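Trainee: Provided below: run-v7.pdb, containing PDB, C-alpha atoms.
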MODEL        1
ATOM      1  CA  ASP I   1     -20.611  -2.579 -13.708
ATOM      2  CA  MET I   2     -17.595  -4.893 -13.446
ATOM      3  CA  ALA I   3     -19.284  -6.964 -10.744
ATOM      4  CA  CYS I   4     -22.364  -7.252 -12.985
ATOM      5  CA  VAL I   5     -20.181  -8.411 -15.883
ATOM      6  CA  LEU I   6     -18.802 -11.176 -13.656
ATOM      7  CA  ASP I   7     -22.341 -12.160 -12.698
ATOM      8  CA  HIS I   8     -23.417 -12.216 -16.348
ATOM      9  CA  LEU I   9     -20.462 -14.400 -17.276
ATOM     10  CA  GLU I  10     -21.027 -16.560 -14.177
ATOM     11  CA  VAL I  11     -17.450 -15.930 -13.100
ATOM     12  CA  ARG I  12     -16.721 -15.966  -9.380
ATOM     13  CA  ALA I  13     -13.713 -13.651  -9.456
ATOM     14  CA  ALA I  14     -11.077 -12.308 -11.820
ATOM     15  CA  ILE I  15      -7.744 -10.538 -12.016
ATOM     16  CA  PHE I  16      -8.299  -6.861 -12.820
ATOM     17  CA  ILE I  17      -5.764  -4.658 -14.626
ATOM     18  CA  GLY I  18      -6.225  -0.987 -15.539
ATOM     19  CA  HIS I  19      -4.456   2.128 -16.798
ATOM     20  CA  ASP I  20      -5.231   5.767 -15.944
ATOM     21  CA  TRP I  21      -8.937   5.921 -14.978
ATOM     22  CA  GLY I  22      -9.004   2.184 -15.512
ATOM     23  CA  GLY I  23      -6.449   1.950 -12.713
ATOM     24  CA  THR I  24      -8.718   3.943 -10.408
ATOM     25  CA  LEU I  25     -11.564   1.585 -11.309
ATOM     26  CA  VAL I  26      -9.706  -1.627 -10.542
ATOM     27  CA  TRP I  27      -8.356  -0.346  -7.204
ATOM     28  CA  ASN I  28     -11.900   0.585  -6.210
ATOM     29  CA  MET I  29     -13.189  -2.770  -7.419
ATOM     30  CA  ALA I  30     -10.767  -4.438  -5.013
ATOM     31  CA  LEU I  31     -11.836  -2.074  -2.243
ATOM     32  CA  ALA I  32     -15.598  -2.421  -2.759
ATOM     33  CA  PHE I  33     -15.877  -6.052  -3.893
ATOM     34  CA  PRO I  34     -12.778  -7.832  -2.530
ATOM     35  CA  GLU I  35     -14.394 -11.268  -2.860
ATOM     36  CA  ARG I  36     -14.722 -10.779  -6.650
ATOM     37  CA  VAL I  37     -11.042  -9.916  -7.148
ATOM     38  CA  CYS I  38      -8.259 -12.514  -7.283
ATOM     39  CA  ALA I  39      -5.482  -9.955  -7.760
ATOM     40  CA  VAL I  40      -5.216  -6.402  -9.061
ATOM     41  CA  ALA I  41      -2.734  -4.370 -11.111
ATOM     42  CA  ALA I  42      -2.488  -0.868 -12.503
ATOM     43  CA  VAL I  43      -0.244   1.040 -14.871
ATOM     44  CA  CYS I  44       0.600   4.658 -13.953
ATOM     45  CA  THR I  45      -2.374   5.135 -11.583
ATOM     46  CA  PRO I  46      -1.572   4.391  -7.929
ATOM     47  CA  PHE I  47      -4.123   3.399  -5.324
ATOM     48  CA  MET I  48      -5.039   6.443  -3.263
ATOM     49  CA  PRO I  49      -7.117   5.841  -0.135
ATOM     50  CA  PRO I  50     -10.123   8.154   0.128
ATOM     51  CA  PRO I  51      -9.416  11.123   2.389
ATOM     52  CA  LYS I  52     -11.493  11.714   5.505
ATOM     53  CA  ALA I  53     -12.823  15.052   4.230
ATOM     54  CA  ASP I  54     -14.508  15.894   0.924
ATOM     55  CA  PRO I  55     -11.582  16.101  -1.582
ATOM     56  CA  TRP I  56     -13.395  18.502  -3.909
ATOM     57  CA  GLN I  57     -12.977  21.356  -1.457
ATOM     58  CA  GLN I  58      -9.218  20.773  -1.319
ATOM     59  CA  MET I  59      -8.960  20.385  -5.090
ATOM     60  CA  GLN I  60     -10.521  23.791  -5.656
ATOM     61  CA  LYS I  61      -7.889  25.317  -3.371
ATOM     62  CA  LYS I  62      -4.776  23.376  -4.370
ATOM     63  CA  ALA I  63      -5.215  22.178  -7.959
ATOM     64  CA  PRO I  64      -5.182  25.545  -9.784
ATOM     65  CA  GLY I  65      -1.656  26.205 -11.013
ATOM     66  CA  SER I  66      -0.434  22.741 -10.008
ATOM     67  CA  ARG I  67       0.238  19.730 -12.221
ATOM     68  CA  PHE I  68      -3.427  18.822 -11.612
ATOM     69  CA  ASP I  69      -4.661  22.163 -12.976
ATOM     70  CA  TYR I  70      -5.976  20.437 -16.107
ATOM     71  CA  GLN I  71      -8.531  18.644 -13.934
ATOM     72  CA  MET I  72     -10.020  22.000 -12.988
ATOM     73  CA  TYR I  73     -10.127  23.024 -16.648
ATOM     74  CA  PHE I  74     -11.980  19.799 -17.424
ATOM     75  CA  GLN I  75     -14.842  20.997 -15.224
ATOM     76  CA  SER I  76     -15.706  23.559 -17.890
ATOM     77  CA  ARG I  77     -17.879  23.290 -20.958
ATOM     78  CA  ARG I  78     -15.078  24.938 -22.889
ATOM     79  CA  ALA I  79     -12.885  21.850 -22.368
ATOM     80  CA  VAL I  80     -15.425  19.666 -24.154
ATOM     81  CA  GLU I  81     -15.820  22.171 -26.969
ATOM     82  CA  GLU I  82     -12.058  22.513 -27.440
ATOM     83  CA  LEU I  83     -11.481  18.777 -27.743
ATOM     84  CA  ASP I  84     -14.631  18.066 -29.775
ATOM     85  CA  GLU I  85     -13.836  20.734 -32.374
ATOM     86  CA  ASP I  86     -11.394  18.430 -34.178
ATOM     87  CA  PRO I  87     -11.051  14.977 -32.525
ATOM     88  CA  SER I  88      -8.219  13.927 -34.824
ATOM     89  CA  ARG I  89      -6.188  16.996 -33.860
ATOM     90  CA  SER I  90      -7.038  16.463 -30.191
ATOM     91  CA  PHE I  91      -5.807  12.872 -30.204
ATOM     92  CA  ARG I  92      -2.637  13.886 -32.052
ATOM     93  CA  ALA I  93      -2.013  16.565 -29.430
ATOM     94  CA  ILE I  94      -2.732  14.294 -26.442
ATOM     95  CA  PHE I  95      -1.114  11.010 -27.460
ATOM     96  CA  ARG I  96       2.516  12.049 -27.320
ATOM     97  CA  SER I  97       5.709  10.483 -26.012
ATOM     98  CA  PRO I  98       8.094  12.425 -23.748
ATOM     99  CA  ALA I  99      10.569  12.933 -26.602
ATOM    100  CA  ARG I 100       7.974  14.582 -28.863
ATOM    101  CA  LEU I 101       5.734  16.213 -26.272
ATOM    102  CA  ALA I 102       6.611  19.755 -27.324
ATOM    103  CA  GLU I 103       7.171  19.206 -31.051
ATOM    104  CA  GLY I 104       5.425  22.007 -32.926
ATOM    105  CA  ALA I 105       4.122  23.609 -29.719
ATOM    106  CA  ASP I 106       4.363  27.138 -28.349
ATOM    107  CA  LEU I 107       6.866  26.355 -25.597
ATOM    108  CA  ALA I 108       5.990  29.388 -23.500
ATOM    109  CA  LYS I 109       2.282  28.514 -23.487
ATOM    110  CA  LEU I 110       3.010  24.834 -22.855
ATOM    111  CA  LYS I 111       4.557  25.781 -19.505
ATOM    112  CA  VAL I 112       1.415  27.655 -18.406
ATOM    113  CA  PRO I 113      -1.313  25.614 -16.627
ATOM    114  CA  PRO I 114      -4.479  25.221 -18.764
ATOM    115  CA  THR I 115      -6.768  27.437 -16.640
ATOM    116  CA  MET I 116      -4.206  30.265 -16.679
ATOM    117  CA  ARG I 117      -3.429  30.492 -20.377
ATOM    118  CA  GLU I 118      -4.027  33.703 -22.293
ATOM    119  CA  PRO I 119      -6.020  34.980 -24.064
ATOM    120  CA  GLN I 120      -8.200  32.023 -23.034
ATOM    121  CA  PRO I 121      -7.741  28.767 -21.144
ATOM    122  CA  GLY I 122      -7.103  25.539 -23.028
ATOM    123  CA  PHE I 123      -5.717  22.030 -22.810
ATOM    124  CA  ILE I 124      -4.186  21.691 -26.276
ATOM    125  CA  ASN I 125      -3.990  25.359 -27.324
ATOM    126  CA  HIS I 126      -0.206  25.291 -26.918
ATOM    127  CA  PHE I 127      -0.370  23.997 -30.488
ATOM    128  CA  PRO I 128      -0.981  27.099 -32.654
ATOM    129  CA  ARG I 129      -4.465  27.252 -34.088
ATOM    130  CA  GLY I 130      -4.502  26.501 -37.777
ATOM    131  CA  GLY I 131      -1.156  24.731 -37.630
ATOM    132  CA  ASP I 132      -0.801  21.015 -38.165
ATOM    133  CA  VAL I 133      -0.196  18.721 -35.179
ATOM    134  CA  VAL I 134       2.041  15.904 -36.363
ATOM    135  CA  ARG I 135       1.024  12.417 -35.251
ATOM    136  CA  ASP I 136       3.573  10.939 -32.851
ATOM    137  CA  SER I 137       4.249   7.513 -34.360
ATOM    138  CA  ALA I 138       5.855   6.392 -31.092
ATOM    139  CA  VAL I 139       2.346   6.364 -29.559
ATOM    140  CA  LEU I 140      -0.099   6.245 -32.479
ATOM    141  CA  ALA I 141       1.594   3.708 -34.702
ATOM    142  CA  ASP I 142      -0.142   4.608 -37.957
ATOM    143  CA  GLN I 143      -2.973   6.630 -39.457
ATOM    144  CA  SER I 144      -5.456   3.750 -39.194
ATOM    145  CA  GLU I 145      -4.985   3.597 -35.429
ATOM    146  CA  LEU I 146      -5.669   7.325 -35.144
ATOM    147  CA  GLU I 147      -8.760   6.994 -37.334
ATOM    148  CA  TYR I 148     -10.037   4.175 -35.126
ATOM    149  CA  TYR I 149      -9.813   6.409 -32.030
ATOM    150  CA  VAL I 150     -11.615   9.210 -33.858
ATOM    151  CA  ALA I 151     -14.394   6.900 -35.049
ATOM    152  CA  GLN I 152     -14.963   5.448 -31.572
ATOM    153  CA  ASN I 153     -14.905   8.914 -30.033
ATOM    154  CA  ARG I 154     -17.613  10.117 -32.411
ATOM    155  CA  ARG I 155     -19.677   6.958 -31.921
ATOM    156  CA  CYS I 156     -19.683   7.618 -28.163
ATOM    157  CA  GLY I 157     -20.671  11.286 -28.479
ATOM    158  CA  GLY I 158     -17.293  12.994 -28.229
ATOM    159  CA  PHE I 159     -15.215  13.888 -25.195
ATOM    160  CA  HIS I 160     -18.113  14.789 -22.890
ATOM    161  CA  GLY I 161     -18.388  11.314 -21.364
ATOM    162  CA  GLY I 162     -14.683  10.932 -20.750
ATOM    163  CA  LEU I 163     -14.319  14.317 -19.094
ATOM    164  CA  ARG I 164     -17.191  13.536 -16.731
ATOM    165  CA  TRP I 165     -14.823  11.283 -14.819
ATOM    166  CA  TYR I 166     -13.076  14.438 -13.656
ATOM    167  CA  ARG I 167     -16.398  15.932 -12.548
ATOM    168  CA  ASN I 168     -17.304  13.005 -10.323
ATOM    169  CA  VAL I 169     -14.876  13.635  -7.460
ATOM    170  CA  GLN I 170     -17.451  13.911  -4.689
ATOM    171  CA  ALA I 171     -19.561  10.969  -5.882
ATOM    172  CA  ASN I 172     -16.472   8.747  -6.103
ATOM    173  CA  TRP I 173     -15.446   9.814  -2.613
ATOM    174  CA  HIS I 174     -18.898   8.930  -1.223
ATOM    175  CA  PHE I 175     -18.768   5.585  -3.055
ATOM    176  CA  ALA I 176     -15.417   4.675  -1.483
ATOM    177  CA  HIS I 177     -16.549   5.585   2.024
ATOM    178  CA  GLU I 178     -19.775   3.636   1.571
ATOM    179  CA  ALA I 179     -17.692   0.609   0.551
ATOM    180  CA  LEU I 180     -15.612   0.976   3.714
ATOM    181  CA  ARG I 181     -18.734   1.356   5.867
ATOM    182  CA  ARG I 182     -20.326  -1.731   4.296
ATOM    183  CA  ARG I 183     -17.208  -3.760   5.085
ATOM    184  CA  GLY I 184     -16.912  -2.381   8.606
ATOM    185  CA  LEU I 185     -13.542  -0.736   7.917
ATOM    186  CA  THR I 186     -12.212   2.588   9.129
ATOM    187  CA  GLU I 187      -9.147   2.546   6.855
ATOM    188  CA  ALA I 188      -8.832   1.715   3.171
ATOM    189  CA  ARG I 189      -6.549  -1.233   2.480
ATOM    190  CA  ILE I 190      -5.965  -3.451  -0.522
ATOM    191  CA  ASP I 191      -5.064  -6.870   0.851
ATOM    192  CA  HIS I 192      -4.886  -8.636  -2.511
ATOM    193  CA  GLU I 193      -1.730  -9.455  -4.401
ATOM    194  CA  ALA I 194      -1.138  -6.218  -6.304
ATOM    195  CA  LEU I 195       1.152  -4.899  -9.028
ATOM    196  CA  MET I 196       1.888  -1.231  -9.664
ATOM    197  CA  ILE I 197       3.831  -0.267 -12.812
ATOM    198  CA  THR I 198       5.115   3.289 -12.987
ATOM    199  CA  ALA I 199       6.481   5.302 -15.927
ATOM    200  CA  GLY I 200       9.600   7.366 -15.272
ATOM    201  CA  SER I 201       8.512  10.343 -17.379
ATOM    202  CA  ASP I 202       4.854  10.515 -16.385
ATOM    203  CA  HIS I 203       4.947  13.946 -14.761
ATOM    204  CA  VAL I 204       1.403  13.829 -13.372
ATOM    205  CA  LEU I 205       1.146  10.300 -11.969
ATOM    206  CA  THR I 206       4.691  10.204 -10.667
ATOM    207  CA  PRO I 207       6.480   7.123  -9.283
ATOM    208  CA  GLU I 208       6.898   8.978  -5.969
ATOM    209  CA  MET I 209       3.135   8.752  -5.426
ATOM    210  CA  VAL I 210       3.474   5.001  -4.899
ATOM    211  CA  ASP I 211       5.626   5.480  -1.792
ATOM    212  CA  LYS I 212       3.232   8.060  -0.377
ATOM    213  CA  TYR I 213      -0.142   6.510  -1.127
ATOM    214  CA  MET I 214       0.350   2.798  -1.750
ATOM    215  CA  VAL I 215       3.102   1.345   0.383
ATOM    216  CA  PRO I 216       1.279   1.951   3.700
ATOM    217  CA  PHE I 217      -2.048   0.577   2.420
ATOM    218  CA  VAL I 218      -1.175  -2.230  -0.021
ATOM    219  CA  PRO I 219       0.902  -4.738   1.961
ATOM    220  CA  ARG I 220       1.251  -7.329  -0.837
ATOM    221  CA  LEU I 221       2.490  -4.859  -3.409
ATOM    222  CA  THR I 222       4.835  -5.767  -6.251
ATOM    223  CA  ARG I 223       6.393  -2.864  -8.119
ATOM    224  CA  GLY I 224       7.463  -2.496 -11.726
ATOM    225  CA  HIS I 225       8.951   0.509 -13.488
ATOM    226  CA  VAL I 226       9.677   1.594 -17.062
ATOM    227  CA  GLU I 227      12.309   4.309 -17.016
ATOM    228  CA  GLY I 228      12.003   7.051 -19.617
ATOM    229  CA  ALA I 229       8.442   6.148 -20.547
ATOM    230  CA  GLY I 230       5.568   8.609 -20.504
ATOM    231  CA  HIS I 231       1.921   8.254 -19.587
ATOM    232  CA  TRP I 232       1.096   6.286 -22.758
ATOM    233  CA  VAL I 233       3.641   3.627 -21.861
ATOM    234  CA  LEU I 234       1.285   0.821 -22.927
ATOM    235  CA  GLN I 235       1.553   2.059 -26.520
ATOM    236  CA  GLU I 236       5.002   3.638 -26.673
ATOM    237  CA  THR I 237       7.386   2.079 -29.172
ATOM    238  CA  SER I 238      10.310   4.175 -27.873
ATOM    239  CA  LEU I 239      13.252   1.946 -27.007
ATOM    240  CA  GLY I 240      14.240   1.438 -23.392
ATOM    241  CA  GLU I 241      16.227  -1.113 -21.430
ATOM    242  CA  VAL I 242      18.547  -3.667 -23.036
ATOM    243  CA  ALA I 243      17.863  -7.411 -22.792
ATOM    244  CA  ASP I 244      19.386 -10.255 -24.770
ATOM    245  CA  GLY I 245      21.452  -7.782 -26.739
ATOM    246  CA  ARG I 246      18.566  -5.605 -27.912
ATOM    247  CA  ARG I 247      16.744  -2.533 -26.665
ATOM    248  CA  ILE I 248      13.154  -3.268 -25.681
ATOM    249  CA  PRO I 249      10.262  -0.931 -26.564
ATOM    250  CA  HIS I 250       8.450   0.577 -23.597
ATOM    251  CA  HIS I 251       5.179  -1.189 -24.389
ATOM    252  CA  GLU I 252       6.983  -4.533 -24.472
ATOM    253  CA  GLN I 253       8.588  -3.834 -21.103
ATOM    254  CA  VAL I 254       5.128  -3.304 -19.598
ATOM    255  CA  SER I 255       3.865  -6.514 -21.190
ATOM    256  CA  ASN I 256       6.825  -8.429 -19.770
ATOM    257  CA  LEU I 257       6.228  -7.029 -16.280
ATOM    258  CA  LEU I 258       2.551  -7.962 -16.431
ATOM    259  CA  LEU I 259       3.177 -11.442 -17.812
ATOM    260  CA  ASP I 260       5.915 -12.227 -15.280
ATOM    261  CA  TRP I 261       3.563 -11.190 -12.484
ATOM    262  CA  LEU I 262       0.587 -13.115 -13.886
ATOM    263  CA  ARG I 263       2.694 -16.263 -14.279
ATOM    264  CA  SER I 264       4.216 -16.055 -10.808
ATOM    265  CA  PRO I 265       3.246 -18.784  -8.296
ATOM    266  CA  LYS I 266       1.590 -16.301  -5.934
ATOM    267  CA  ILE I 267      -0.759 -14.970  -8.633
ATOM    268  CA  LEU I 268      -1.586 -18.442  -9.955
ATOM    269  CA  ALA I 269      -2.405 -19.453  -6.379
ATOM    270  CA  ALA I 270      -4.527 -16.343  -5.865
ATOM    271  CA  ALA I 271      -6.426 -17.004  -9.091
ATOM    272  CA  ASN I 272      -7.084 -20.640  -8.213
ATOM    273  CA  SER I 273      -8.209 -19.705  -4.710
ATOM    274  CA  GLY I 274     -10.549 -16.974  -5.952
ATOM    275  CA  LEU I 275     -12.122 -19.146  -8.641
ATOM    276  CA  ALA I 276     -12.568 -22.080  -6.279
ATOM    277  CA  ALA I 277     -14.526 -20.082  -3.697
ATOM    278  CA  LYS I 278     -18.312 -20.132  -3.898
ATOM    279  CA  LEU I 279     -20.484 -17.084  -4.457
TER     280      LEU I 279
ENDMDL
END
Written as structure tokens, that's how I'd like the structure from this file.

Mentor:
Amino acid sequence: DMACVLDHLEVRAAIFIGHDWGGTLVWNMALAFPERVCAVAAVCTPFMPPPKADPWQQMQKKAPGSRFDYQMYFQSRRAVEELDEDPSRSFRAIFRSPARLAEGADLAKLKVPPTMREPQPGFINHFPRGGDVVRDSAVLADQSELEYYVAQNRRCGGFHGGLRWYRNVQANWHFAHEALRRRGLTEARIDHEALMITAGSDHVLTPEMVDKYMVPFVPRLTRGHVEGAGHWVLQETSLGEVADGRRIPHHEQVSNLLLDWLRSPKILAAANSGLAAKL
């Protein structure tokens, strides 16, 4: 789809930046269509080279009970029904900063992986049913922002489409290996200029994953980090590091890291080189 957008716009190549599943998309764009990518960056989501064997088999064995247990729960119809029941409540439960993650929650249930919760599994059922889930203003700035998410969610048919990303493990694996085969490669590498920004309190996509999965396969990697930030670092207004005598919000720290990288001579050169090449 992204390659088709470039074709439609008659753009030779572009710099791609993504967060969460968007990060997975842009890494795979660089892997599958390297000539259409000038440089690539992701927030929270590291590049992970496709394993030799079908990852779905390993996920079924290792994910239950782990920090990736929620991905197994998302395979179920119940996950869609739980989140679709009240989209506003779902967004208020999901979009939370580290400091307010457990506010109003059943702490004992919060510690239990989603597929193992009693009396029934759930992703947001650590918030007592019937009780209010307070909007975390550090992530969802005001009520109008929350209402916008709810409206777009309903326009797109609810959470079904989003959760399908988690049900596409095998197809994504085949896609990546087909991209390698088409390019005549036996090992996945990202040879572009690349930026990876991690969040210190993202307990699923941890900073340690960069050392394990990226460093050996992304030789031109630049790293950025926002300490204390959670997964929604791009939106978090929580205050972090000090600069020029003031504490900078997490979202501003990410913006600064991205802008510094985009303005750097190596990225300007990569952009000019990519745009100058002919299709």

Trainee: I:Arg89, I:His177, I:His251, I:Arg246: which is nearest Val233 in chain I, counting all atoms listed in the file?

Mentor: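 Closest residue, counting all atoms listed in the file: I:His251.
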
Trainee: Could you list the residues chosen by the PyMOL selection byres ((chain I and resi 184-191) around 12) in this structure as JSON, numbers by chain?

Mentor: {"I": [26, 27, 28, 29, 30, 31, 32, 33, 34, 35, 37, 38, 39, 40, 41, 46, 47, 48, 49, 50, 51, 52, 173, 176, 177, 178, 179, 180, 181, 182, 183, 192, 193, 194, 195, 213, 214, 215, 216, 217, 218, 219, 220, 221, 270]}

Trainee: Find, counting all atoms listed in the file, the residue in I:Ala271, I:Ala53, I:Val226, I:Met196 that gets nearest to Ala13 in chain I.

Mentor: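 Of I:Ala271, I:Ala53, I:Val226, I:Met196, the one nearest Ala13 in chain I, counting all atoms listed in the file, is I:Ala271.
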
Trainee: Range 131-168 of chain I near range 56-67 of chain I within 12 Å: what's each residue's closest atom pair and its distance in Å to one decimal, counting only C-alpha atoms, ordered by chain then ascending residue number, as CSV?

Mentor:
residue,atom,partner,partner_atom,distance
I:Tyr166,CA,I:Trp56,CA,10.6
I:Arg167,CA,I:Trp56,CA,9.5
I:Asn168,CA,I:Trp56,CA,9.3

Trainee: Can those selected residues be exported to a file as a PDB file, in the coordinates of the input so that it contains C-alpha atoms?

Mentor:
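again.pdb was written with the following content:
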ATOM      1  CA  TYR I 166     -13.076  14.438 -13.656  1.00  0.00           C
ATOM      2  CA  ARG I 167     -16.398  15.932 -12.548  1.00  0.00           C
ATOM      3  CA  ASN I 168     -17.304  13.005 -10.323  1.00  0.00           C
TER       4      ASN I 168
END

Trainee: Out of I:Leu262, I:Leu83, I:Leu257, I:Leu101, which residue has the shortest atom-to-atom distance to Asn153 in chain I when counting all atoms listed in the file?

Mentor: I:Leu83

Trainee: Could you list, as a ChimeraX atom specification, every residue matched by the PyMOL selection byres ((chain I and resi 199) around 12) in this structure?

Mentor: /I:19-20,42-46,97-98,196-198,200-210,223-234,236,240,250-251,253-254

Trainee: State, in Å with one decimal place, the distance from CA of Glu103 in chain I to CA of His126 in chain I.

Mentor: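 Separation of CA of Glu103 in chain I and CA of His126 in chain I: 10.4 Å.
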
Trainee: Show me, as CSV, the residues of range 77-125 of chain I having an atom within 9 Å of range 156-165 of chain I, each with the closest atom pair and its distance in Å, using all atoms listed in the file.

Mentor:
residue,atom,partner,partner_atom,distance
I:Arg77,CA,I:His160,CA,8.7
I:Ala79,CA,I:Leu163,CA,8.3
I:Val80,CA,I:His160,CA,5.7
I:Glu81,CA,I:Phe159,CA,8.5
I:Leu83,CA,I:Phe159,CA,6.7
I:Asp84,CA,I:Gly158,CA,5.9
I:Pro87,CA,I:Gly158,CA,7.8

Trainee: Any chance you could work out the residue set of the PyMOL selection byres ((chain I and resi 6) around 12) here, as a PyMOL selection string?

Mentor: chain I and resi 1-5+7-16+29+33+35-37+275+279

Trainee: Around all the atoms of range 118-124 of chain I listed in the file, draw an axis-aligned box and extend it by 4 Å on each of the six sides; I want its centre and edge lengths in Å to one decimal, as lines of an AutoDock Vina configuration file.

Mentor:
center_x = -6.1
center_y = 28.3
center_z = -23.7
size_x = 12.2
size_y = 21.3
size_z = 13.1

Trainee: Please report the interatomic distance between CA of Lys109 in chain I and CA of Phe91 in chain I in Å with one decimal.

Mentor: 18.8 Å
